[in-house]
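These notes concern the structure reproduced below.
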Amino acid sequence: MHLVRLSILPLLILLAACGQSADPAPQADETARRATPSAANDDTPQVPVSGPERRILAFGDSLFAGYGVGVENSYPAKLEDALRARGIDARIVNAGVSGDTSGAGRQRLPFVLDKQTDIDLVILELGGNDLLRGIPPAETRANFETMLGELRERGIPVLLMGMRAPPNYGPEFQREFDALYGDLAREYGAELIPFWLETVYQRPELFQDDRIHPTEEGLQVLAIDTVAQVAEALPEPDE
């Protein structure tokens with residue numbers, strides 16, 4: 001794949017980030033629980049961790065898998081730290097696989113869910129590779145419908161991490177793709193972050209030398225930017 005400079009097509013390059021795979025084997029490792037949460041760039045005062053353990057499944061592609069930084073420094077790991085800094089006893093299972101399309105995720109999701117117990121929330125992050133490969137938005141939508149239907153049947157709340165199509169895909173494709181996350185969130189009762197890369201995609205200093213994958217600092221920025229929405233998406237714990 002030819003790399004284009006981030007300054008020219010920042011959004012398209014971020015979408016390409018999902019497509020590179022350092023290891024084709026699935027990564028479903030759980031992030032290590034940290035005794036002392038570290039959310040250095042969060043202005044929210046750290047509070048003691050308390051309450052019941054909240055188990056979150058982070059299901060996505062290389063943007064979750066920790067490409068170039070390691071699973072221990074991935075977005076799910078940073079997010080777990082940020083949640084714990086807010087006093088939430090969070091444990092995040094990282095089920096990010098580099099290169100996954102929504103179709104690959106649809107096939108993989110039931111197997112991953114069968115291996116987990118007591119999941120309080122699924123963070124669903126896919127679609128970038130569909131864009132990279134020119135998969136029709138209707139097909140992407142159908143794959144998400146299958147995944148969201150599976151999660152609804154199992155009674156698991158979902159937070160959708162939205163993506164956007166770049167304008168060079170054409171206005172009709174762009175409209176169809178950009179609308180699907182909001183439509184699906186309303187149809188299936190999921191929470192939604194409309195474009196979860198909003199705060200970094202125009203900041204090239206937050207990307208690795210490949211100008212595609214966020215650095216550890218970039219992932220920290222994303223975690224801090226989204227932690228409040230993730231916390232709000234968690235259902236109230238059972239009494």
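Chain labels follow the order of the structure tokens: the first chain is A, the next B, and so on; residue numbering restarts at 1 in every chain, and ligands are counted from 1 in their shown order.
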
Any idea what's packed within 9 Å of range 176-178 of chain A, counting only C-alpha atoms, ignoring anything in its chain fewer than 6 positions away? Could you give it as number ranges by chain? A: 131, 136-138, 140-141, 162-165, 194

Using only C-alpha atoms, which residues of range 176-204 of chain A come within 10 Å of range 208-232 of chain A, and what is the closest atom pair for each, with the distance in Å to one decimal? Give it as a Markdown table, sorted by chain and residue number.
| residue | atom | partner | partner_atom | distance |
| --- | --- | --- | --- | --- |
| A:Glu191 | CA | A:Gln229 | CA | 8.6 |
| A:Leu192 | CA | A:Gln229 | CA | 8.5 |
| A:Ile193 | CA | A:Gln229 | CA | 7.6 |
| A:Trp196 | CA | A:Thr226 | CA | 7.4 |
| A:Leu197 | CA | A:Leu222 | CA | 7.0 |
| A:Glu198 | CA | A:Leu222 | CA | 8.6 |
| A:Thr199 | CA | A:Leu222 | CA | 7.0 |
| A:Val200 | CA | A:Gly218 | CA | 6.7 |
| A:Tyr201 | CA | A:Pro214 | CA | 8.9 |
| A:Arg203 | CA | A:Gly218 | CA | 8.8 |
| A:Pro204 | CA | A:Arg211 | CA | 7.0 |

Print the selection's residues with all heavy atoms to a file, as an mmCIF file, in the first residue's frame.
data_model
loop_
_atom_site.group_PDB
_atom_site.id
_atom_site.type_symbol
_atom_site.label_atom_id
_atom_site.label_comp_id
_atom_site.auth_asym_id
_atom_site.auth_seq_id
_atom_site.Cartn_x
_atom_site.Cartn_y
_atom_site.Cartn_z
ATOM 1 N N GLU A 191 -25.171 3.275 22.381
ATOM 2 C CA GLU A 191 -24.559 4.590 22.547
ATOM 3 C C GLU A 191 -23.606 4.824 21.371
ATOM 4 O O GLU A 191 -23.152 3.880 20.721
ATOM 5 C CB GLU A 191 -23.816 4.675 23.865
ATOM 6 C CG GLU A 191 -24.703 4.499 25.088
ATOM 7 C CD GLU A 191 -25.763 5.578 25.192
ATOM 8 O OE1 GLU A 191 -25.446 6.744 24.882
ATOM 9 O OE2 GLU A 191 -26.897 5.256 25.583
ATOM 10 N N LEU A 192 -23.272 6.099 21.112
ATOM 11 C CA LEU A 192 -22.510 6.431 19.916
ATOM 12 C C LEU A 192 -21.529 7.568 20.168
ATOM 13 O O LEU A 192 -21.886 8.584 20.767
ATOM 14 C CB LEU A 192 -23.461 6.836 18.784
ATOM 15 C CG LEU A 192 -22.834 7.387 17.502
ATOM 16 C CD1 LEU A 192 -22.068 6.296 16.762
ATOM 17 C CD2 LEU A 192 -23.898 8.007 16.605
ATOM 18 N N ILE A 193 -20.282 7.379 19.711
ATOM 19 C CA ILE A 193 -19.342 8.478 19.534
ATOM 20 C C ILE A 193 -19.255 8.683 18.022
ATOM 21 O O ILE A 193 -18.718 7.823 17.315
ATOM 22 C CB ILE A 193 -17.965 8.161 20.140
ATOM 23 C CG1 ILE A 193 -18.096 7.944 21.652
ATOM 24 C CG2 ILE A 193 -16.982 9.290 19.846
ATOM 25 C CD1 ILE A 193 -16.787 7.590 22.338
ATOM 26 N N TRP A 196 -14.770 8.975 16.545
ATOM 27 C CA TRP A 196 -13.971 8.861 17.767
ATOM 28 C C TRP A 196 -12.527 9.309 17.584
ATOM 29 O O TRP A 196 -11.801 9.504 18.569
ATOM 30 C CB TRP A 196 -14.049 7.451 18.339
ATOM 31 C CG TRP A 196 -13.231 6.395 17.655
ATOM 32 C CD1 TRP A 196 -13.504 5.787 16.479
ATOM 33 C CD2 TRP A 196 -12.013 5.810 18.137
ATOM 34 N NE1 TRP A 196 -12.535 4.848 16.193
ATOM 35 C CE2 TRP A 196 -11.623 4.844 17.190
ATOM 36 C CE3 TRP A 196 -11.234 5.993 19.281
ATOM 37 C CZ2 TRP A 196 -10.461 4.078 17.348
ATOM 38 C CZ3 TRP A 196 -10.094 5.230 19.441
ATOM 39 C CH2 TRP A 196 -9.715 4.285 18.483
ATOM 40 N N LEU A 197 -12.084 9.544 16.342
ATOM 41 C CA LEU A 197 -10.722 10.027 16.087
ATOM 42 C C LEU A 197 -10.659 11.545 15.938
ATOM 43 O O LEU A 197 -9.633 12.086 15.535
ATOM 44 C CB LEU A 197 -10.175 9.371 14.810
ATOM 45 C CG LEU A 197 -10.151 7.848 14.794
ATOM 46 C CD1 LEU A 197 -9.705 7.342 13.424
ATOM 47 C CD2 LEU A 197 -9.227 7.298 15.875
ATOM 48 N N GLU A 198 -11.739 12.216 16.279
ATOM 49 C CA GLU A 198 -11.881 13.651 16.021
ATOM 50 C C GLU A 198 -10.701 14.471 16.523
ATOM 51 O O GLU A 198 -10.218 15.375 15.828
ATOM 52 C CB GLU A 198 -13.170 14.149 16.671
ATOM 53 C CG GLU A 198 -13.515 15.604 16.365
ATOM 54 C CD GLU A 198 -14.067 15.781 14.957
ATOM 55 O OE1 GLU A 198 -15.006 15.075 14.593
ATOM 56 O OE2 GLU A 198 -13.530 16.652 14.238
ATOM 57 N N THR A 199 -10.212 14.182 17.709
ATOM 58 C CA THR A 199 -9.218 15.058 18.330
ATOM 59 C C THR A 199 -7.791 14.837 17.841
ATOM 60 O O THR A 199 -6.911 15.634 18.166
ATOM 61 C CB THR A 199 -9.227 14.890 19.864
ATOM 62 O OG1 THR A 199 -9.055 13.510 20.184
ATOM 63 C CG2 THR A 199 -10.528 15.405 20.448
ATOM 64 N N VAL A 200 -7.534 13.790 17.070
ATOM 65 C CA VAL A 200 -6.159 13.508 16.665
ATOM 66 C C VAL A 200 -5.917 13.497 15.168
ATOM 67 O O VAL A 200 -4.778 13.609 14.727
ATOM 68 C CB VAL A 200 -5.647 12.174 17.259
ATOM 69 C CG1 VAL A 200 -5.715 12.185 18.778
ATOM 70 C CG2 VAL A 200 -6.401 10.982 16.683
ATOM 71 N N TYR A 201 -6.956 13.368 14.353
ATOM 72 C CA TYR A 201 -6.709 13.034 12.956
ATOM 73 C C TYR A 201 -6.033 14.147 12.172
ATOM 74 O O TYR A 201 -5.474 13.909 11.103
ATOM 75 C CB TYR A 201 -7.991 12.565 12.264
ATOM 76 C CG TYR A 201 -8.881 13.643 11.695
ATOM 77 C CD1 TYR A 201 -8.854 13.947 10.335
ATOM 78 C CD2 TYR A 201 -9.773 14.323 12.511
ATOM 79 C CE1 TYR A 201 -9.692 14.914 9.808
ATOM 80 C CE2 TYR A 201 -10.613 15.279 11.985
ATOM 81 C CZ TYR A 201 -10.571 15.584 10.643
ATOM 82 O OH TYR A 201 -11.400 16.535 10.123
ATOM 83 N N ARG A 203 -3.549 15.987 13.625
ATOM 84 C CA ARG A 203 -2.347 16.290 14.414
ATOM 85 C C ARG A 203 -1.265 15.259 14.084
ATOM 86 O O ARG A 203 -1.134 14.244 14.748
ATOM 87 C CB ARG A 203 -2.683 16.272 15.907
ATOM 88 C CG ARG A 203 -3.699 17.328 16.308
ATOM 89 C CD ARG A 203 -4.035 17.252 17.789
ATOM 90 N NE ARG A 203 -2.872 17.517 18.616
ATOM 91 C CZ ARG A 203 -2.866 17.454 19.949
ATOM 92 N NH1 ARG A 203 -3.968 17.104 20.587
ATOM 93 N NH2 ARG A 203 -1.768 17.699 20.625
ATOM 94 N N PRO A 204 -0.459 15.510 13.048
ATOM 95 C CA PRO A 204 0.526 14.513 12.598
ATOM 96 C C PRO A 204 1.562 14.163 13.659
ATOM 97 O O PRO A 204 2.140 13.074 13.605
ATOM 98 C CB PRO A 204 1.177 15.179 11.381
ATOM 99 C CG PRO A 204 0.863 16.630 11.515
ATOM 100 C CD PRO A 204 -0.450 16.716 12.204
#

Pick from A:Gly51, A:Thr101, A:Leu126, A:Val71 nearest to Pro237 in chain A, counting only C-alpha atoms: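 For Pro237 in chain A, the nearest of the given residues is A:Gly51.
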
Write out as a PDB file with N, CA, C and O atoms, in the first residue's frame each polymer residue whose atoms come within 10 Å of Asp118 in chain A, counting only C-alpha atoms; drop sequence neighbours fewer than 4 positions from it.
ATOM      1  N   GLU A  53     -16.408  -4.544  39.960  1.00  0.00           N
ATOM      2  CA  GLU A  53     -15.611  -4.579  38.734  1.00  0.00           C
ATOM      3  C   GLU A  53     -16.530  -4.459  37.525  1.00  0.00           C
ATOM      4  O   GLU A  53     -17.546  -5.121  37.424  1.00  0.00           O
ATOM      5  N   ARG A  54     -16.133  -3.591  36.574  1.00  0.00           N
ATOM      6  CA  ARG A  54     -16.890  -3.411  35.341  1.00  0.00           C
ATOM      7  C   ARG A  54     -16.058  -3.976  34.193  1.00  0.00           C
ATOM      8  O   ARG A  54     -14.975  -3.476  33.885  1.00  0.00           O
ATOM      9  N   ARG A  55     -16.575  -4.999  33.537  1.00  0.00           N
ATOM     10  CA  ARG A  55     -15.858  -5.679  32.464  1.00  0.00           C
ATOM     11  C   ARG A  55     -16.313  -5.147  31.109  1.00  0.00           C
ATOM     12  O   ARG A  55     -17.503  -5.160  30.794  1.00  0.00           O
ATOM     13  N   ILE A  56     -15.356  -4.686  30.336  1.00  0.00           N
ATOM     14  CA  ILE A  56     -15.620  -4.084  29.033  1.00  0.00           C
ATOM     15  C   ILE A  56     -14.862  -4.870  27.967  1.00  0.00           C
ATOM     16  O   ILE A  56     -13.676  -5.177  28.139  1.00  0.00           O
ATOM     17  N   LEU A 113     -17.370 -13.654  22.205  1.00  0.00           N
ATOM     18  CA  LEU A 113     -18.358 -13.514  23.276  1.00  0.00           C
ATOM     19  C   LEU A 113     -18.516 -14.799  24.071  1.00  0.00           C
ATOM     20  O   LEU A 113     -18.705 -14.764  25.296  1.00  0.00           O
ATOM     21  N   ILE A 156     -26.255  -7.364  25.968  1.00  0.00           N
ATOM     22  CA  ILE A 156     -25.021  -6.641  26.267  1.00  0.00           C
ATOM     23  C   ILE A 156     -25.094  -5.236  25.673  1.00  0.00           C
ATOM     24  O   ILE A 156     -25.252  -5.081  24.457  1.00  0.00           O
TER      25      ILE A 156
END

Please compute the CA of Asn94 in chain A-CA of Leu148 in chain A distance, one decimal, in Å.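 The value is 18.4 Å.
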
Between CA of Ile119 in chain A and CA of Arg84 in chain A, measure the distance and give it in Å to one decimal.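 A separation of 17.0 Å between them.
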
Output as an MDAnalysis selection string all residues of range 113-222 of chain A that backbone DSSP marks as alpha helix (DSSP H). chainID A and resid 113:114 128:132 137:153 171:188 216:222

Identify, with DSSP run on backbone atoms, the residues in range 28-232 of chain A assigned to strand (DSSP E or B), and express the list as a short mmCIF file (atom, residue, chain, number, x, y, z; two decimals) with C-alpha atoms, in the first residue's frame.
data_model
loop_
_atom_site.label_atom_id
_atom_site.label_comp_id
_atom_site.auth_asym_id
_atom_site.auth_seq_id
_atom_site.Cartn_x
_atom_site.Cartn_y
_atom_site.Cartn_z
CA GLU A 30 -6.72 -9.00 28.20
CA SER A 50 -14.25 1.56 44.26
CA GLY A 51 -17.43 -0.32 43.46
CA PRO A 52 -17.93 -3.53 41.54
CA GLU A 53 -15.61 -4.58 38.73
CA ARG A 54 -16.89 -3.41 35.34
CA ARG A 55 -15.86 -5.68 32.46
CA ILE A 56 -15.62 -4.08 29.03
CA LEU A 57 -14.90 -5.84 25.74
CA ALA A 58 -13.03 -3.66 23.22
CA PHE A 59 -13.79 -5.24 19.85
CA GLY A 60 -12.16 -3.72 16.78
CA ILE A 88 -14.31 3.02 38.14
CA ASP A 89 -13.05 -0.51 38.75
CA ALA A 90 -12.68 -1.19 35.01
CA ARG A 91 -11.20 -4.25 33.40
CA ILE A 92 -10.97 -4.08 29.61
CA VAL A 93 -10.52 -7.14 27.40
CA ASN A 94 -8.69 -6.15 24.22
CA ALA A 95 -10.19 -8.06 21.29
CA GLY A 96 -8.70 -5.89 18.57
CA LEU A 121 -20.27 -3.18 27.81
CA VAL A 122 -18.92 -3.83 24.31
CA ILE A 123 -17.06 -1.03 22.55
CA LEU A 124 -17.49 -1.78 18.85
CA GLU A 125 -14.90 -0.18 16.55
CA VAL A 158 -22.92 -1.37 23.10
CA LEU A 159 -20.93 1.80 22.46
CA LEU A 160 -20.36 2.37 18.73
CA MET A 161 -17.15 4.13 17.71
CA GLU A 191 -24.56 4.59 22.55
CA LEU A 192 -22.51 6.43 19.92
CA ILE A 193 -19.34 8.48 19.53
CA PHE A 207 1.24 9.52 14.70
CA PRO A 214 -1.32 6.86 16.54
#

Provide the CA of Pro157 in chain A to CA of Leu79 in chain A distance in Å, to one decimal place.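 Separation of CA of Pro157 in chain A and CA of Leu79 in chain A: 17.6 Å.
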
Which residue, A:Asp130, A:Glu80, A:Asp120, A:Glu172, has the smallest gap to Gly103 in chain A when you use only C-alpha atoms? A:Asp130
